$ cat final27.cif   # mmCIF, C-alpha atoms and all ligand atoms
data_structure
#
loop_
_atom_site.label_atom_id
_atom_site.label_comp_id
_atom_site.auth_asym_id
_atom_site.auth_seq_id
_atom_site.Cartn_x
_atom_site.Cartn_y
_atom_site.Cartn_z
CA MET A 25 0.00 0.00 0.00
CA GLU A 26 1.28 3.47 -0.85
CA ASN A 27 2.29 5.76 2.01
CA GLN A 28 -0.74 7.33 3.65
CA PRO A 29 -0.91 10.80 5.19
CA LYS A 30 -0.57 10.83 8.97
CA THR A 31 -2.02 14.22 9.78
CA PHE A 32 -5.34 15.75 8.79
CA ALA A 33 -6.88 19.19 9.18
CA ASN A 34 -9.71 17.71 11.23
CA ARG A 35 -11.68 14.50 11.84
CA ASP A 36 -13.93 15.08 8.81
CA ALA A 37 -10.88 15.23 6.54
CA LEU A 38 -9.62 11.98 8.05
CA ILE A 39 -13.04 10.33 7.52
CA SER A 40 -13.16 11.47 3.86
CA HIS A 41 -9.69 10.09 3.26
CA VAL A 42 -10.57 6.71 4.79
CA ARG A 43 -13.72 6.59 2.63
CA ALA A 44 -11.70 7.33 -0.49
CA ILE A 45 -9.32 4.43 0.16
CA SER A 46 -12.07 1.94 1.13
CA PRO A 47 -13.33 0.51 -2.18
CA SER A 48 -15.51 -2.13 -0.52
CA LEU A 49 -17.56 0.46 1.37
CA ALA A 50 -21.15 0.70 0.11
CA PRO A 51 -21.78 4.23 -1.23
CA ASP A 52 -24.73 4.67 1.17
CA ASP A 53 -22.79 3.46 4.23
CA SER A 54 -22.32 6.58 6.30
CA HIS A 55 -21.46 4.92 9.62
CA VAL A 56 -18.51 6.33 11.50
CA SER A 57 -17.42 4.86 14.81
CA ASP A 58 -17.48 7.17 17.83
CA THR A 59 -14.05 5.88 18.82
CA VAL A 60 -11.51 8.66 18.41
CA GLY A 61 -7.87 7.72 17.92
CA GLY A 62 -4.80 9.09 19.63
CA ARG A 63 -3.15 9.37 23.01
CA GLU A 64 -5.35 12.19 24.32
CA ALA A 65 -8.54 10.18 23.76
CA GLY A 66 -6.96 7.05 25.24
CA VAL A 67 -5.78 8.82 28.40
CA GLY A 68 -9.19 10.49 28.69
CA LEU A 69 -10.85 7.05 28.81
CA LEU A 70 -8.22 5.68 31.16
CA GLU A 71 -8.98 8.44 33.62
CA LYS A 72 -12.61 7.37 33.63
CA ILE A 73 -12.11 3.68 34.48
CA ASP A 74 -13.81 2.33 37.59
CA PRO A 75 -12.15 -1.02 38.32
CA ILE A 76 -14.22 -1.63 41.45
CA ALA A 77 -17.55 -1.24 39.61
CA TYR A 78 -15.98 -3.28 36.80
CA GLY A 79 -15.51 -6.27 39.10
CA ARG A 80 -19.23 -6.26 39.94
CA SER A 81 -20.66 -5.56 36.50
CA ARG A 82 -18.28 -6.51 33.71
CA ASN A 83 -20.40 -9.40 32.42
CA TYR A 84 -23.39 -7.13 31.82
CA LEU A 85 -23.58 -5.51 28.39
CA GLY A 86 -24.25 -2.22 30.16
CA GLY A 87 -21.52 -2.82 32.77
CA ALA A 88 -18.62 -0.54 33.72
CA VAL A 89 -16.24 -1.72 31.01
CA SER A 90 -13.35 0.51 29.97
CA TYR A 91 -13.48 0.68 26.12
CA LEU A 92 -9.68 0.81 26.25
CA SER A 93 -9.06 -2.12 23.89
CA PRO A 94 -8.34 -0.15 20.68
CA TYR A 95 -5.78 1.98 22.52
CA ILE A 96 -4.11 -1.03 24.12
CA ARG A 97 -4.21 -2.97 20.86
CA HIS A 98 -2.49 -0.22 18.90
CA GLY A 99 0.14 0.54 21.56
CA ILE A 100 -1.28 3.93 22.54
CA LEU A 101 -1.63 2.73 26.12
CA SER A 102 0.56 -0.02 27.54
CA LEU A 103 -0.85 -2.78 29.75
CA ASN A 104 1.53 -1.69 32.52
CA GLU A 105 0.28 1.87 32.38
CA VAL A 106 -3.34 0.72 32.59
CA ARG A 107 -2.58 -1.72 35.42
CA ASN A 108 -0.65 0.89 37.43
CA PHE A 109 -3.45 3.42 37.00
CA ALA A 110 -6.01 0.83 38.20
CA LEU A 111 -3.86 -0.04 41.23
CA GLU A 112 -3.89 3.63 42.24
CA LEU A 113 -7.70 3.47 42.27
CA GLY A 114 -7.85 0.39 44.51
CA PRO A 115 -8.34 0.45 48.29
CA LYS A 116 -5.56 2.31 50.09
CA ASP A 117 -4.98 -0.60 52.49
CA GLY A 118 -3.35 -2.49 49.61
CA ASP A 119 -6.17 -5.08 49.35
CA ILE A 120 -6.23 -5.85 45.63
CA LYS A 121 -9.40 -7.99 45.78
CA PRO A 122 -11.93 -5.30 44.71
CA ILE A 123 -9.96 -4.52 41.53
CA GLU A 124 -8.64 -8.01 40.90
CA LYS A 125 -11.06 -8.78 38.07
CA PHE A 126 -9.90 -5.79 36.03
CA ILE A 127 -6.22 -6.72 36.48
CA GLN A 128 -7.03 -10.33 35.57
CA GLU A 129 -8.59 -9.26 32.27
CA LEU A 130 -5.49 -7.27 31.41
CA ALA A 131 -3.55 -10.46 32.19
CA TRP A 132 -5.71 -12.39 29.71
CA ARG A 133 -4.57 -10.05 26.98
CA ASP A 134 -0.95 -10.59 27.97
CA PHE A 135 -1.52 -14.37 28.11
CA TRP A 136 -2.94 -14.53 24.56
CA GLN A 137 -0.03 -12.46 23.25
CA ARG A 138 2.46 -14.84 24.82
CA VAL A 139 0.66 -17.92 23.49
CA TYR A 140 0.75 -16.33 20.02
CA GLN A 141 4.43 -15.46 20.31
CA GLN A 142 5.33 -19.03 21.26
CA ASN A 143 2.92 -20.78 18.86
CA PRO A 144 2.39 -18.57 15.79
CA SER A 145 0.83 -21.46 13.84
CA TRP A 146 -2.07 -21.68 16.34
CA ILE A 147 -3.54 -18.41 15.14
CA TRP A 148 -5.22 -19.89 12.07
CA ASN A 149 -5.04 -23.64 12.79
CA ASP A 150 -7.06 -25.78 15.20
CA VAL A 151 -4.96 -26.27 18.33
CA GLU A 152 -6.95 -29.44 19.19
CA ASP A 153 -9.95 -31.37 17.84
CA TYR A 154 -13.44 -29.92 18.27
CA LYS A 155 -15.15 -31.46 21.35
CA THR A 156 -18.57 -30.93 19.74
CA GLY A 157 -19.02 -34.38 18.21
CA PHE A 158 -18.20 -32.87 14.80
CA ALA A 159 -15.06 -32.95 12.65
CA PRO A 160 -13.59 -29.78 11.09
CA GLU A 161 -14.98 -30.79 7.68
CA ASP A 162 -18.51 -30.71 9.13
CA TYR A 163 -18.16 -26.93 9.50
CA SER A 164 -18.62 -24.48 6.64
CA ASP A 165 -15.60 -22.50 5.44
CA THR A 166 -17.61 -19.37 4.78
CA LEU A 167 -19.84 -17.06 6.74
CA PRO A 168 -23.50 -17.28 5.62
CA GLU A 169 -24.76 -14.13 3.92
CA ASP A 170 -27.54 -13.60 6.46
CA VAL A 171 -24.82 -13.29 9.13
CA SER A 172 -22.69 -10.80 7.22
CA THR A 173 -25.80 -8.74 6.47
CA ALA A 174 -27.36 -9.02 9.97
CA GLN A 175 -30.47 -10.78 8.62
CA THR A 176 -30.46 -13.96 10.70
CA ASP A 177 -33.66 -15.15 12.37
CA CYS A 178 -32.38 -14.01 15.79
CA ALA A 179 -32.95 -10.31 16.51
CA ALA A 180 -30.36 -10.15 19.31
CA ILE A 181 -27.70 -11.67 17.08
CA ASN A 182 -28.55 -9.17 14.31
CA TYR A 183 -28.19 -6.38 16.86
CA PHE A 184 -24.70 -7.61 17.84
CA ILE A 185 -23.66 -7.93 14.18
CA THR A 186 -24.87 -4.41 13.40
CA THR A 187 -23.13 -3.03 16.50
CA LEU A 188 -19.89 -4.70 15.44
CA GLN A 189 -20.15 -3.38 11.91
CA THR A 190 -21.15 0.19 12.76
CA THR A 191 -19.05 0.87 15.87
CA GLY A 192 -16.01 -1.43 15.52
CA TYR A 193 -16.59 -2.54 19.12
CA LEU A 194 -18.49 -5.27 20.94
CA HIS A 195 -18.68 -5.99 24.65
CA ASN A 196 -16.83 -9.19 25.62
CA HIS A 197 -20.03 -11.08 26.43
CA ALA A 198 -21.58 -10.06 23.09
CA ARG A 199 -18.41 -11.32 21.34
CA MET A 200 -18.88 -14.66 23.11
CA TYR A 201 -22.57 -14.83 22.13
CA LEU A 202 -21.94 -13.93 18.50
CA ALA A 203 -18.92 -16.22 18.14
CA ALA A 204 -20.88 -19.13 19.67
CA TYR A 205 -23.83 -18.44 17.38
CA ILE A 206 -21.59 -18.47 14.29
CA VAL A 207 -19.67 -21.61 15.20
CA HIS A 208 -22.28 -23.75 17.00
CA TRP A 209 -25.70 -22.61 15.75
CA ARG A 210 -24.57 -22.12 12.14
CA ARG A 211 -21.78 -24.70 12.21
CA VAL A 212 -19.27 -22.38 10.57
CA LYS A 213 -15.51 -22.81 11.08
CA TRP A 214 -14.19 -20.53 13.80
CA GLN A 215 -11.67 -19.18 11.28
CA ALA A 216 -14.48 -17.65 9.18
CA GLY A 217 -15.96 -16.03 12.28
CA ALA A 218 -12.55 -14.76 13.36
CA ARG A 219 -11.94 -13.19 9.93
CA PHE A 220 -15.34 -11.47 10.11
CA PHE A 221 -14.55 -10.01 13.54
CA LEU A 222 -11.07 -8.87 12.50
CA ALA A 223 -12.53 -7.07 9.49
CA HIS A 224 -14.65 -4.87 11.76
CA LEU A 225 -13.10 -4.59 15.24
CA LEU A 226 -11.06 -1.47 15.92
CA ASP A 227 -9.19 -3.53 18.51
CA GLY A 228 -8.92 -6.48 16.08
CA ASP A 229 -6.03 -8.58 17.29
CA PRO A 230 -5.06 -12.02 15.98
CA ALA A 231 -4.09 -13.38 19.41
CA SER A 232 -7.03 -12.19 21.55
CA ASN A 233 -9.55 -12.71 18.75
CA ASN A 234 -8.54 -16.01 17.20
CA LEU A 235 -7.58 -17.77 20.43
CA SER A 236 -10.85 -16.62 22.02
CA PHE A 237 -12.68 -18.00 18.98
CA GLN A 238 -10.83 -21.31 19.47
CA TRP A 239 -11.90 -21.27 23.13
CA VAL A 240 -15.55 -20.80 22.11
CA ALA A 241 -15.26 -23.45 19.39
CA SER A 242 -13.59 -25.94 21.79
CA THR A 243 -10.42 -26.37 19.73
CA PHE A 244 -8.51 -24.62 22.54
CA SER A 245 -10.63 -25.63 25.55
CA ASN A 246 -12.17 -28.81 26.88
CA LYS A 247 -15.78 -28.02 25.96
CA PRO A 248 -17.69 -25.77 23.57
CA TYR A 249 -18.98 -22.45 24.91
CA PHE A 250 -22.66 -21.86 24.26
CA PHE A 251 -25.44 -19.93 25.95
CA ASN A 252 -29.21 -19.75 26.05
CA LEU A 253 -31.67 -16.90 25.71
CA GLU A 254 -32.24 -16.75 29.46
CA ASN A 255 -28.55 -16.03 29.99
CA LEU A 256 -28.57 -13.40 27.24
CA GLN A 257 -31.64 -11.72 28.77
CA LYS A 258 -29.95 -11.64 32.18
CA PHE A 259 -26.80 -9.89 30.97
CA SER A 260 -28.30 -7.79 28.19
CA HIS A 261 -29.35 -4.15 28.15
CA PRO A 262 -32.62 -2.62 26.94
CA GLN A 263 -31.32 -1.77 23.46
CA ALA A 264 -30.75 -5.43 22.55
CA PRO A 265 -33.96 -7.08 21.29
CA CYS A 266 -34.21 -10.18 23.49
CA GLU A 267 -37.87 -11.21 23.23
CA GLU A 268 -38.25 -14.97 22.88
CA ALA A 269 -40.48 -14.67 19.80
CA ASP A 270 -37.65 -12.85 18.01
CA ASN A 271 -34.93 -15.27 19.09
CA LEU A 272 -36.49 -18.73 18.97
CA ALA A 273 -33.27 -20.49 17.95
CA LEU A 274 -31.59 -19.34 21.18
CA ALA A 275 -34.42 -20.35 23.52
CA GLY A 276 -34.41 -23.50 25.66
CA SER A 277 -32.63 -25.08 28.59
CA TYR A 278 -28.92 -25.85 28.33
CA ASP A 279 -29.76 -29.55 28.02
CA ASP A 280 -32.23 -28.89 25.17
CA LEU A 281 -29.77 -26.69 23.34
CA ALA A 282 -26.89 -29.13 23.81
CA ALA A 283 -29.07 -31.87 22.28
CA ARG A 284 -29.93 -29.58 19.33
CA LEU A 285 -26.46 -28.15 18.74
CA PHE A 286 -24.36 -31.23 19.52
CA PRO A 287 -26.55 -34.24 18.62
CA ASN A 288 -23.50 -36.55 18.51
CA GLY A 289 -22.62 -35.70 22.11
CA VAL A 290 -19.92 -33.49 23.55
CA SER A 291 -16.51 -35.04 24.26
CA SER A 292 -13.77 -33.67 26.50
C1 LIG A 301 -14.69 -14.05 20.31
C2 LIG A 301 -13.86 -12.97 20.97
C3 LIG A 301 -13.06 -12.16 20.19
C4 LIG A 301 -12.25 -11.18 20.79
N1 LIG A 301 -11.46 -10.39 19.99
C5 LIG A 301 -10.64 -9.47 20.56
C6 LIG A 301 -9.79 -8.66 19.74
O1 LIG A 301 -9.73 -8.79 18.51
N2 LIG A 301 -9.02 -7.72 20.37
C7 LIG A 301 -9.05 -7.54 21.73
O2 LIG A 301 -8.33 -6.66 22.23
N3 LIG A 301 -9.82 -8.32 22.52
C8 LIG A 301 -10.62 -9.26 21.98
N4 LIG A 301 -11.42 -10.03 22.78
C9 LIG A 301 -11.33 -9.88 24.24
C10 LIG A 301 -12.34 -8.89 24.86
O3 LIG A 301 -13.63 -9.17 24.40
C11 LIG A 301 -11.99 -7.43 24.54
O4 LIG A 301 -10.64 -7.16 24.85
C12 LIG A 301 -12.85 -6.48 25.36
O5 LIG A 301 -14.22 -6.77 25.20
C13 LIG A 301 -12.55 -5.05 24.95
O6 LIG A 301 -13.42 -4.16 25.57
P1 LIG A 301 -12.94 -3.20 26.75
O7 LIG A 301 -11.69 -2.49 26.37
O8 LIG A 301 -14.12 -2.38 27.13
O9 LIG A 301 -12.58 -4.28 27.84
P2 LIG A 301 -12.58 -4.34 29.43
O10 LIG A 301 -13.57 -5.34 29.80
O11 LIG A 301 -12.78 -2.95 29.98
O12 LIG A 301 -11.15 -4.86 29.78
C14 LIG A 301 -9.98 -4.02 29.87
C15 LIG A 301 -8.92 -4.55 28.93
O13 LIG A 301 -8.55 -5.89 29.30
C16 LIG A 301 -8.31 -6.66 28.13
N5 LIG A 301 -9.31 -7.74 28.08
C17 LIG A 301 -10.55 -7.73 28.65
N6 LIG A 301 -11.15 -8.92 28.47
C18 LIG A 301 -10.30 -9.67 27.75
C19 LIG A 301 -10.35 -11.01 27.25
N7 LIG A 301 -11.40 -11.81 27.45
N8 LIG A 301 -9.29 -11.45 26.53
C20 LIG A 301 -8.20 -10.67 26.32
N9 LIG A 301 -8.09 -9.40 26.79
C21 LIG A 301 -9.12 -8.92 27.49
C22 LIG A 301 -8.46 -5.74 26.94
O14 LIG A 301 -7.21 -5.24 26.58
C23 LIG A 301 -9.38 -4.66 27.48
O15 LIG A 301 -9.24 -3.42 26.81
C24 LIG A 301 -12.25 -11.03 22.20
C25 LIG A 301 -13.07 -11.86 22.99
C26 LIG A 301 -13.87 -12.81 22.37
C27 LIG A 301 -14.73 -13.70 23.25
#
$ encode --input "final27.cif" --output "structure tokens" --more "lines below"
Ligand SMILES: Cc1cc2nc3c(=O)[nH]c(=O)nc-3n(C[C@H](O)[C@H](O)[C@H](O)COP(=O)(O)OP(=O)(O)OC[C@H]3O[C@@H](n4cnc5c(N)ncnc54)[C@H](O)[C@@H]3O)c2cc1C
Amino acid sequence: MENQPKTFANRDALISHVRAISPSLAPDDSHVSDTVGGREAGVGLLEKIDPIAYGRSRNYLGGAVSYLSPYIRHGILSLNEVRNFALELGPKDGDIKPIEKFIQELAWRDFWQRVYQQNPSWIWNDVEDYKTGFAPEDYSDTLPEDVSTAQTDCAAINYFITTLQTTGYLHNHARMYLAAYIVHWRRVKWQAGARFFLAHLLDGDPASNNLSFQWVASTFSNKPYFFNLENLQKFSHPQAPCEEADNLALAGSYDDLAARLFPNGVSS
């Protein structure tokens, strides 16, 4: 790719430039993510983190998550800087427990990076067999069109796809739901799902993304991750359409869904 300009008169000029060099963008697609690049924006978000509230609410789609991932991913903020800032916000008696969850999640990022560094071939290849009762060839190589266009028969899944495509960000739990839907409900290879995520995420990172996809798929864990509508309703927020009638494929007990999704039985 030819050298690209690094400075722009303003954000609109930057957006026009990106449009001009994005041939695959539909002419009527006017979405622009709210995420603003650069150190000032990253530090501004860092100063707003609440690691104690995070520990209590991070699994909820409306929880006190940090939105720091694009800045960490692109080296604008280092993990050490974020960790040290969080430690300053913890209890003054040195008890790390209330902020432990936040520090642990930073550690997950570091862990995936180290796994990638030591095993580069794992990024696009199955680390282990699927434990789903299916072989890799039972999974499709390509993402179905109704997924890439957010027209599946599950309204909540369409909402997550649209959020991913229009904002470049998804909450961790929504990533897990969408990845599980792609791999287990639609029986699509995790690699196709991972490529789809990487094409849209502003924090898109081969280690965190692809190894998390392998964890969901069960090729890098001892069982497949899946969920049911009740779980989604519990952790969701009002914007996500979670009515049962609009999400029939997700409804049922875990035993019912396991029987539907993994009819050959789950191995470990
Ligand atoms: C299928 C799937 C794909 C993912 N793809 C990516 C990706 O491409 N890039 C990416 O940075 N993260 C990825 N993650 C991890 C996680 O979802 C995001 O880091 C997190 O949601 C980013 O939002 P946040 O900054 O508000 O995170 P917070 O919840 O506020 O966490 C703070 C920071 O900790 C790190 N972190 C948090 N959770 C995780 C996690 N589970 N694994 C690794 N690091 C974590 C991130 O650097 C994050 O910015 C993926 C997770 C799943 C399940």
$ residues_near_ligand --input "final27.cif" --ligand "ligand LIG 301 (chain A)" --cutoff "7 Å" --atoms "all atoms listed in the file" --output "PyMOL selection string"
chain A and resi 82+89-94+96-97+126+129-130+132-133+136+194-197+199-200+203+222+225+227-230+232-234+236-237
$ residues_around --input "final27.cif" --residues "region 69-71 of chain A" --least-positions-apart "2" --cutoff "10 Å" --atoms "only C-alpha atoms" --output "PyMOL selection string"
chain A and resi 63-67+73-74+90-92+95+101+105-106+109-110
$ closest_residue --input "final27.cif" --among "A:His261, A:Arg211, A:Leu226, A:Ala180" --to "Leu274 (chain A)" --atoms "only C-alpha atoms"
A:Ala180
$ closest_residue --input "final27.cif" --among "A:Ser48, A:Ser81, A:Phe184, A:Ser54" --to "Phe259 (chain A)" --atoms "all atoms listed in the file"
A:Ser81
$ closest_residue --input "final27.cif" --among "A:Asn83, A:Gln142, A:Ser40, A:Ser164" --to "Lys125 (chain A)" --atoms "all atoms listed in the file"
A:Asn83
$ residues_around --input "final27.cif" --residues "region 35-38 of chain A" --least-positions-apart "3" --cutoff "12 Å" --atoms "only C-alpha atoms" --output "MDAnalysis selection string"
chainID A and resid 28:32 41:45 56:62
$ closest_residue --input "final27.cif" --among "A:Val139, A:Cys178, A:Ala231, A:Ala198" --to "Ala275 (chain A)" --atoms "all atoms listed in the file"
A:Cys178
$ closest_residue --input "final27.cif" --among "A:Gln189, A:Asp150, A:Lys247, A:Tyr183" --to "His55 (chain A)" --atoms "only C-alpha atoms"
A:Gln189
$ atom_distance --input "final27.cif" --atom1 "CA of Asn34 (chain A)" --atom2 "CA of Ala223 (chain A)"
25.0 Å
$ atom_distance --input "final27.cif" --atom1 "CA of Thr187 (chain A)" --atom2 "CA of Lys213 (chain A)"
21.9 Å
$ atom_distance --input "final27.cif" --atom1 "CA of Tyr193 (chain A)" --atom2 "CA of Thr156 (chain A)"
28.5 Å
$ closest_residue --input "final27.cif" --among "A:Lys258, A:His208, A:Lys116, A:Lys72" --to "Ala282 (chain A)" --atoms "only C-alpha atoms"
A:His208
$ residues_near_point --input "final27.cif" --point "(-8.9, -17.5, 14.0)" --cutoff "6 Å" --atoms "all atoms listed in the file" --output "ChimeraX atom specification"
/A:147-148,215,218,234
$ build_atoms --input "final27.cif" --residues "region 243-275 of chain A" --atoms "N, CA and C atoms" --output "PDB file, in the frame of the given file"
ATOM      1  N   THR A 243     -11.687 -25.866  20.246  1.00  0.00           N
ATOM      2  CA  THR A 243     -10.420 -26.370  19.730  1.00  0.00           C
ATOM      3  C   THR A 243      -9.246 -25.872  20.574  1.00  0.00           C
ATOM      4  N   PHE A 244      -9.550 -25.044  21.579  1.00  0.00           N
ATOM      5  CA  PHE A 244      -8.510 -24.620  22.540  1.00  0.00           C
ATOM      6  C   PHE A 244      -9.150 -24.535  23.928  1.00  0.00           C
ATOM      7  N   SER A 245      -9.987 -25.539  24.234  1.00  0.00           N
ATOM      8  CA  SER A 245     -10.630 -25.630  25.550  1.00  0.00           C
ATOM      9  C   SER A 245     -11.217 -27.032  25.620  1.00  0.00           C
ATOM     10  N   ASN A 246     -11.706 -27.415  26.795  1.00  0.00           N
ATOM     11  CA  ASN A 246     -12.170 -28.810  26.880  1.00  0.00           C
ATOM     12  C   ASN A 246     -13.663 -28.990  26.646  1.00  0.00           C
ATOM     13  N   LYS A 247     -14.370 -27.865  26.358  1.00  0.00           N
ATOM     14  CA  LYS A 247     -15.780 -28.020  25.960  1.00  0.00           C
ATOM     15  C   LYS A 247     -16.213 -26.789  25.174  1.00  0.00           C
ATOM     16  N   PRO A 248     -17.240 -26.947  24.329  1.00  0.00           N
ATOM     17  CA  PRO A 248     -17.690 -25.770  23.570  1.00  0.00           C
ATOM     18  C   PRO A 248     -18.385 -24.769  24.484  1.00  0.00           C
ATOM     19  N   TYR A 249     -18.213 -23.477  24.201  1.00  0.00           N
ATOM     20  CA  TYR A 249     -18.980 -22.450  24.910  1.00  0.00           C
ATOM     21  C   TYR A 249     -20.278 -22.214  24.153  1.00  0.00           C
ATOM     22  N   PHE A 250     -21.402 -22.301  24.857  1.00  0.00           N
ATOM     23  CA  PHE A 250     -22.660 -21.860  24.260  1.00  0.00           C
ATOM     24  C   PHE A 250     -23.516 -21.267  25.357  1.00  0.00           C
ATOM     25  N   PHE A 251     -24.619 -20.683  25.002  1.00  0.00           N
ATOM     26  CA  PHE A 251     -25.440 -19.930  25.950  1.00  0.00           C
ATOM     27  C   PHE A 251     -26.903 -20.176  25.590  1.00  0.00           C
ATOM     28  N   ASN A 252     -27.792 -19.716  26.441  1.00  0.00           N
ATOM     29  CA  ASN A 252     -29.210 -19.750  26.050  1.00  0.00           C
ATOM     30  C   ASN A 252     -29.815 -18.351  26.202  1.00  0.00           C
ATOM     31  N   LEU A 253     -31.032 -18.220  25.718  1.00  0.00           N
ATOM     32  CA  LEU A 253     -31.670 -16.900  25.710  1.00  0.00           C
ATOM     33  C   LEU A 253     -31.822 -16.333  27.120  1.00  0.00           C
ATOM     34  N   GLU A 254     -32.068 -17.206  28.072  1.00  0.00           N
ATOM     35  CA  GLU A 254     -32.240 -16.750  29.460  1.00  0.00           C
ATOM     36  C   GLU A 254     -30.954 -16.057  29.941  1.00  0.00           C
ATOM     37  N   ASN A 255     -29.832 -16.635  29.601  1.00  0.00           N
ATOM     38  CA  ASN A 255     -28.550 -16.030  29.990  1.00  0.00           C
ATOM     39  C   ASN A 255     -28.380 -14.689  29.282  1.00  0.00           C
ATOM     40  N   LEU A 256     -28.708 -14.657  28.001  1.00  0.00           N
ATOM     41  CA  LEU A 256     -28.570 -13.400  27.240  1.00  0.00           C
ATOM     42  C   LEU A 256     -29.478 -12.313  27.841  1.00  0.00           C
ATOM     43  N   GLN A 257     -30.699 -12.708  28.180  1.00  0.00           N
ATOM     44  CA  GLN A 257     -31.640 -11.720  28.770  1.00  0.00           C
ATOM     45  C   GLN A 257     -31.112 -11.202  30.094  1.00  0.00           C
ATOM     46  N   LYS A 258     -30.466 -12.057  30.864  1.00  0.00           N
ATOM     47  CA  LYS A 258     -29.950 -11.640  32.180  1.00  0.00           C
ATOM     48  C   LYS A 258     -28.848 -10.577  32.036  1.00  0.00           C
ATOM     49  N   PHE A 259     -27.964 -10.773  31.067  1.00  0.00           N
ATOM     50  CA  PHE A 259     -26.800  -9.890  30.970  1.00  0.00           C
ATOM     51  C   PHE A 259     -26.973  -8.761  29.956  1.00  0.00           C
ATOM     52  N   SER A 260     -28.120  -8.756  29.282  1.00  0.00           N
ATOM     53  CA  SER A 260     -28.300  -7.790  28.190  1.00  0.00           C
ATOM     54  C   SER A 260     -28.659  -6.395  28.696  1.00  0.00           C
ATOM     55  N   HIS A 261     -28.839  -5.473  27.791  1.00  0.00           N
ATOM     56  CA  HIS A 261     -29.350  -4.150  28.150  1.00  0.00           C
ATOM     57  C   HIS A 261     -30.564  -3.855  27.279  1.00  0.00           C
ATOM     58  N   PRO A 262     -31.334  -2.803  27.610  1.00  0.00           N
ATOM     59  CA  PRO A 262     -32.620  -2.620  26.940  1.00  0.00           C
ATOM     60  C   PRO A 262     -32.526  -2.439  25.422  1.00  0.00           C
ATOM     61  N   GLN A 263     -31.398  -1.973  24.912  1.00  0.00           N
ATOM     62  CA  GLN A 263     -31.320  -1.770  23.460  1.00  0.00           C
ATOM     63  C   GLN A 263     -31.312  -3.085  22.672  1.00  0.00           C
ATOM     64  N   ALA A 264     -30.848  -4.167  23.292  1.00  0.00           N
ATOM     65  CA  ALA A 264     -30.750  -5.430  22.550  1.00  0.00           C
ATOM     66  C   ALA A 264     -32.114  -6.122  22.547  1.00  0.00           C
ATOM     67  N   PRO A 265     -32.633  -6.466  21.366  1.00  0.00           N
ATOM     68  CA  PRO A 265     -33.960  -7.080  21.290  1.00  0.00           C
ATOM     69  C   PRO A 265     -33.902  -8.551  21.716  1.00  0.00           C
ATOM     70  N   CYS A 266     -34.380  -8.836  22.921  1.00  0.00           N
ATOM     71  CA  CYS A 266     -34.210 -10.180  23.490  1.00  0.00           C
ATOM     72  C   CYS A 266     -35.514 -10.942  23.707  1.00  0.00           C
ATOM     73  N   GLU A 267     -36.597 -10.489  23.069  1.00  0.00           N
ATOM     74  CA  GLU A 267     -37.870 -11.210  23.230  1.00  0.00           C
ATOM     75  C   GLU A 267     -37.718 -12.627  22.665  1.00  0.00           C
ATOM     76  N   GLU A 268     -38.360 -13.578  23.336  1.00  0.00           N
ATOM     77  CA  GLU A 268     -38.250 -14.970  22.880  1.00  0.00           C
ATOM     78  C   GLU A 268     -38.761 -15.142  21.448  1.00  0.00           C
ATOM     79  N   ALA A 269     -39.890 -14.486  21.145  1.00  0.00           N
ATOM     80  CA  ALA A 269     -40.480 -14.670  19.800  1.00  0.00           C
ATOM     81  C   ALA A 269     -39.516 -14.224  18.691  1.00  0.00           C
ATOM     82  N   ASP A 270     -38.594 -13.340  19.026  1.00  0.00           N
ATOM     83  CA  ASP A 270     -37.650 -12.850  18.010  1.00  0.00           C
ATOM     84  C   ASP A 270     -36.313 -13.589  18.037  1.00  0.00           C
ATOM     85  N   ASN A 271     -36.226 -14.582  18.932  1.00  0.00           N
ATOM     86  CA  ASN A 271     -34.930 -15.270  19.090  1.00  0.00           C
ATOM     87  C   ASN A 271     -35.159 -16.755  19.377  1.00  0.00           C
ATOM     88  N   LEU A 272     -36.076 -17.364  18.628  1.00  0.00           N
ATOM     89  CA  LEU A 272     -36.490 -18.730  18.970  1.00  0.00           C
ATOM     90  C   LEU A 272     -35.322 -19.710  18.964  1.00  0.00           C
ATOM     91  N   ALA A 273     -34.376 -19.512  18.056  1.00  0.00           N
ATOM     92  CA  ALA A 273     -33.270 -20.490  17.950  1.00  0.00           C
ATOM     93  C   ALA A 273     -32.383 -20.499  19.195  1.00  0.00           C
ATOM     94  N   LEU A 274     -32.459 -19.430  19.999  1.00  0.00           N
ATOM     95  CA  LEU A 274     -31.590 -19.340  21.180  1.00  0.00           C
ATOM     96  C   LEU A 274     -32.317 -19.837  22.438  1.00  0.00           C
ATOM     97  N   ALA A 275     -33.625 -20.050  22.323  1.00  0.00           N
ATOM     98  CA  ALA A 275     -34.420 -20.350  23.520  1.00  0.00           C
ATOM     99  C   ALA A 275     -34.337 -21.834  23.883  1.00  0.00           C
TER     100      ALA A 275
END
